[in-house]
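Trainee: Sending over my_file27.tsv (TSV, C-alpha atoms).
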chain	number	residue	atom	x	y	z
Q	22	GLN	CA	-4.08	-10.52	13.96
Q	23	VAL	CA	-4.48	-10.09	10.25
Q	24	GLN	CA	-2.91	-11.95	7.37
Q	25	LEU	CA	-2.33	-10.16	4.07
Q	26	VAL	CA	-1.93	-11.46	0.54
Q	27	GLU	CA	-1.16	-9.16	-2.39
Q	28	SER	CA	-2.27	-9.80	-5.94
Q	29	VAL	CA	0.24	-10.51	-8.66
Q	30	GLY	CA	1.93	-7.38	-10.01
Q	31	GLY	CA	3.34	-7.32	-13.47
Q	32	LEU	CA	5.62	-5.98	-16.16
Q	33	VAL	CA	4.12	-2.95	-17.84
Q	34	GLN	CA	5.20	-0.11	-20.07
Q	35	ALA	CA	5.55	3.42	-18.83
Q	36	GLY	CA	2.35	5.40	-18.93
Q	37	VAL	CA	-0.08	2.56	-18.40
Q	38	SER	CA	-2.16	1.71	-15.35
Q	39	LEU	CA	-2.09	-1.21	-12.98
Q	40	ARG	CA	-4.18	-2.05	-9.94
Q	41	LEU	CA	-2.84	-4.00	-7.00
Q	42	SER	CA	-5.04	-5.58	-4.39
Q	43	CYS	CA	-4.35	-6.90	-0.93
Q	44	ALA	CA	-6.74	-9.36	0.64
Q	45	ALA	CA	-6.91	-9.67	4.41
Q	46	SER	CA	-8.03	-12.58	6.50
Q	47	GLY	CA	-9.99	-12.27	9.70
Q	48	ARG	CA	-13.08	-10.41	10.77
Q	49	THR	CA	-11.24	-7.37	12.07
Q	50	PHE	CA	-10.03	-5.92	8.77
Q	51	SER	CA	-12.23	-2.85	9.15
Q	52	MET	CA	-10.44	-2.01	12.40
Q	53	TYR	CA	-7.10	-1.55	10.64
Q	54	ALA	CA	-5.57	1.30	8.75
Q	55	MET	CA	-3.92	-0.05	5.63
Q	56	VAL	CA	-0.71	1.08	4.01
Q	57	TRP	CA	1.19	0.40	0.81
Q	58	PHE	CA	4.99	0.46	0.85
Q	59	ARG	CA	7.44	-0.29	-1.91
Q	60	GLN	CA	11.06	-1.31	-2.08
Q	61	ALA	CA	13.28	-0.84	-5.10
Q	62	PRO	CA	16.54	-2.79	-5.48
Q	63	GLY	CA	19.22	-1.45	-3.19
Q	64	LYS	CA	16.84	0.97	-1.48
Q	65	GLU	CA	14.95	1.07	1.77
Q	66	ARG	CA	11.29	0.24	1.91
Q	67	GLU	CA	9.39	3.48	1.45
Q	68	PHE	CA	5.88	4.64	2.18
Q	69	VAL	CA	3.49	4.98	-0.77
Q	70	ALA	CA	-0.07	5.49	0.51
Q	71	THR	CA	-2.29	4.89	3.49
Q	72	ILE	CA	-6.03	4.77	4.18
Q	73	ASN	CA	-7.92	4.86	7.44
Q	74	TRP	CA	-10.28	2.15	8.65
Q	75	SER	CA	-13.40	3.56	7.00
Q	76	GLY	CA	-11.78	4.76	3.81
Q	77	SER	CA	-12.69	8.36	4.50
Q	78	ASN	CA	-9.10	9.54	4.80
Q	79	THR	CA	-6.09	8.89	2.61
Q	80	TYR	CA	-2.54	10.13	2.49
Q	81	TYR	CA	0.13	9.78	-0.19
Q	82	ALA	CA	3.82	10.11	-0.72
Q	83	ASP	CA	4.65	13.13	-2.85
Q	84	SER	CA	6.18	10.88	-5.49
Q	85	VAL	CA	2.82	9.22	-6.24
Q	86	LYS	CA	0.32	11.93	-5.39
Q	87	GLY	CA	-2.07	12.53	-8.25
Q	88	ARG	CA	-1.13	9.25	-9.94
Q	89	PHE	CA	-1.92	6.58	-7.36
Q	90	THR	CA	-5.17	6.04	-5.49
Q	91	ILE	CA	-5.64	3.87	-2.43
Q	92	SER	CA	-9.08	2.53	-1.62
Q	93	ARG	CA	-10.66	-0.26	0.37
Q	94	ASP	CA	-13.72	-2.46	0.41
Q	95	ASN	CA	-14.33	-3.62	3.96
Q	96	ALA	CA	-17.05	-6.00	2.83
Q	97	LYS	CA	-14.43	-7.82	0.77
Q	98	ASN	CA	-11.58	-7.38	3.26
Q	99	THR	CA	-9.51	-5.86	0.49
Q	100	VAL	CA	-7.43	-2.75	-0.05
Q	101	TYR	CA	-6.47	-1.55	-3.52
Q	102	LEU	CA	-3.76	0.57	-5.06
Q	103	GLN	CA	-4.69	2.01	-8.43
Q	104	MET	CA	-1.51	3.11	-10.16
Q	105	ASN	CA	-1.86	5.37	-13.18
Q	106	SER	CA	0.74	6.98	-15.42
Q	107	LEU	CA	3.36	4.54	-14.24
Q	108	LYS	CA	7.00	5.52	-14.52
Q	109	PRO	CA	10.16	3.41	-14.57
Q	110	GLU	CA	11.00	4.79	-11.14
Q	111	ASP	CA	7.86	3.10	-9.79
Q	112	THR	CA	9.57	-0.23	-10.33
Q	113	ALA	CA	9.69	-1.99	-6.96
Q	114	VAL	CA	8.29	-4.75	-4.84
Q	115	TYR	CA	5.03	-3.46	-3.42
Q	116	TYR	CA	3.87	-4.49	0.04
Q	117	CYS	CA	0.66	-3.91	1.92
Q	118	ALA	CA	0.74	-3.52	5.68
Q	119	ALA	CA	-1.77	-3.03	8.47
Q	120	ASP	CA	-1.89	-1.19	11.76
Q	121	ARG	CA	-4.63	-0.28	14.22
Q	122	THR	CA	-3.57	3.38	14.01
Q	123	TYR	CA	-3.88	5.61	10.97
Q	124	TYR	CA	-0.66	7.56	10.67
Q	125	THR	CA	0.13	10.52	8.44
Q	126	SER	CA	3.28	11.71	10.15
Q	127	SER	CA	6.51	10.80	8.42
Q	128	SER	CA	7.83	9.76	11.81
Q	129	TYR	CA	5.46	6.79	11.80
Q	130	LEU	CA	5.16	6.01	8.09
Q	131	LYS	CA	8.15	3.76	8.26
Q	132	ALA	CA	8.35	0.04	7.68
Q	133	ASP	CA	9.49	-0.80	11.19
Q	134	GLU	CA	6.28	0.68	12.64
Q	135	TYR	CA	4.13	-2.05	11.11
Q	136	ASP	CA	3.75	-5.61	12.32
Q	137	TYR	CA	1.50	-7.12	9.65
Q	138	TRP	CA	2.77	-7.50	6.10
Q	139	GLY	CA	1.89	-9.15	2.87
Q	140	GLN	CA	4.46	-11.16	0.94
Q	141	GLY	CA	5.09	-8.44	-1.62
Q	142	THR	CA	4.46	-8.29	-5.34
Q	143	GLN	CA	6.82	-7.18	-8.10
Q	144	VAL	CA	5.89	-4.27	-10.32
Q	145	THR	CA	8.26	-3.52	-13.17
Q	146	VAL	CA	7.76	-0.51	-15.41
Q	147	SER	CA	9.73	-0.43	-18.63
Q	148	SER	CA	10.55	2.77	-20.48
Render the structure in this file as structure tokens.

Mentor:
Amino acid sequence: QVQLVESVGGLVQAGVSLRLSCAASGRTFSMYAMVWFRQAPGKEREFVATINWSGSNTYYADSVKGRFTISRDNAKNTVYLQMNSLKPEDTAVYYCAADRTYYTSSSYLKADEYDYWGQGTQVTVSS
């Protein structure tokens, strides 16, 4: 099992950057692929980015590709989401999740495929 805790998000203006982190408990963090999802009001939770266990492979939603970067530090049991050029449509609650399998197929990059979740952190981007 793994327990996940996200850092505090924030209220930022459009165009700025923000970095989220997600700290994991346990000694098996490096065995898990990590994923960031987000959920805007009235919408389903959607995939944002994923990274494999070693950090050598990443995959992004089209809506954030080129603006967001996912990374991890296995020595610190932490995964990061660097968000640049933020837009109002990035406003959402952001969640990190973990799974033993690294998925890149849209069939599996869905919230109900993941058993381990953080509590979520609010990111609000004003125009």

Trainee: Counting all atoms listed in the file, figure out which residue out of Q:Ser92, Q:Met55, Q:Met104, Q:Ser77 gets nearest to Tyr135 in chain Q.

Mentor: Q:Met55

Trainee: Could you pull the residues within 7 Å of Gly141 in chain Q, counting all atoms listed in the file, minus those fewer than 5 positions along the same chain, as a ChimeraX atom specification?

Mentor: /Q:27,114-116

Trainee: Would you write out those residues with C-alpha atoms, as a PDB file, in the frame of the given file?

Mentor:
ATOM      1  CA  GLU Q  27      -1.160  -9.160  -2.390  1.00  0.00           C
ATOM      2  CA  VAL Q 114       8.290  -4.750  -4.840  1.00  0.00           C
ATOM      3  CA  TYR Q 115       5.030  -3.460  -3.420  1.00  0.00           C
ATOM      4  CA  TYR Q 116       3.870  -4.490   0.040  1.00  0.00           C
TER       5      TYR Q 116
END

Trainee: Which residue is closest to Cys43 in chain Q? Choose from Q:Ala61, Q:Leu130, Q:Val144, Q:Leu25 and count all atoms listed in the file.

Mentor: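 Closest candidate: Q:Leu25.
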
Trainee: Once 3 Å is added on each side, what are the centre and the three edge lengths, in Å to one decimal, of the axis-aligned box enclosing the listed atoms of range 61-80 of chain Q? Present them as JSON.

Mentor:
{"center_x": 2.9, "center_y": 3.7, "center_z": 1.6, "size_x": 38.6, "size_y": 18.9, "size_z": 20.1}

Trainee: Go ahead and compute the interatomic distance for CA of Ser75 in chain Q and CA of Ala54 in chain Q, in Å to one decimal.

Mentor: 8.3 Å

Trainee: Taking all atoms listed in the file into account, name the residue in Q:Ala44, Q:Val69, Q:Val37, Q:Met52 that is nearest to Lys86 in chain Q.

Mentor: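 Closest to Lys86 in chain Q, using all atoms listed in the file: Q:Val69.
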
Trainee: Counting all atoms listed in the file, which of Q:Val56, Q:Ser51, Q:Ser42, Q:Thr71 gets nearest to Asp136 in chain Q?

Mentor: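 The shortest atom-to-atom distance to Asp136 in chain Q comes from Q:Val56.
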
Trainee: Would you list the residues near (-4.2, -3.1, 15.7), meaning any protein, DNA or RNA residue with an atom at most 12 Å from that point in file coordinates, counting only C-alpha atoms, as a PyMOL selection string?

Mentor: chain Q and resi 22-23+49-55+74+118-123+134-137

Trainee: Could you tell me how far CA of Ile72 in chain Q sits from CA of Ile91 in chain Q, in Å to one decimal place?

Mentor: 6.7 Å

Trainee: If you measure from CA of Lys108 in chain Q to CA of Thr142 in chain Q, what distance in Å do you get, rounded to one decimal?

Mentor: 16.8 Å

Trainee: When you count all atoms listed in the file, which of these residues is closest to Leu41 in chain Q: Q:Ala132, Q:Ser126, Q:Val29, Q:Ala96?

Mentor: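 Ranked by minimum distance to Leu41 in chain Q, first place goes to Q:Val29.
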
Trainee: With distances taken over all atoms listed in the file, which residue among Q:Ala45, Q:Leu107, Q:Ala82, Q:Ala35 lies nearest Gln140 in chain Q?

Mentor: Q:Ala45
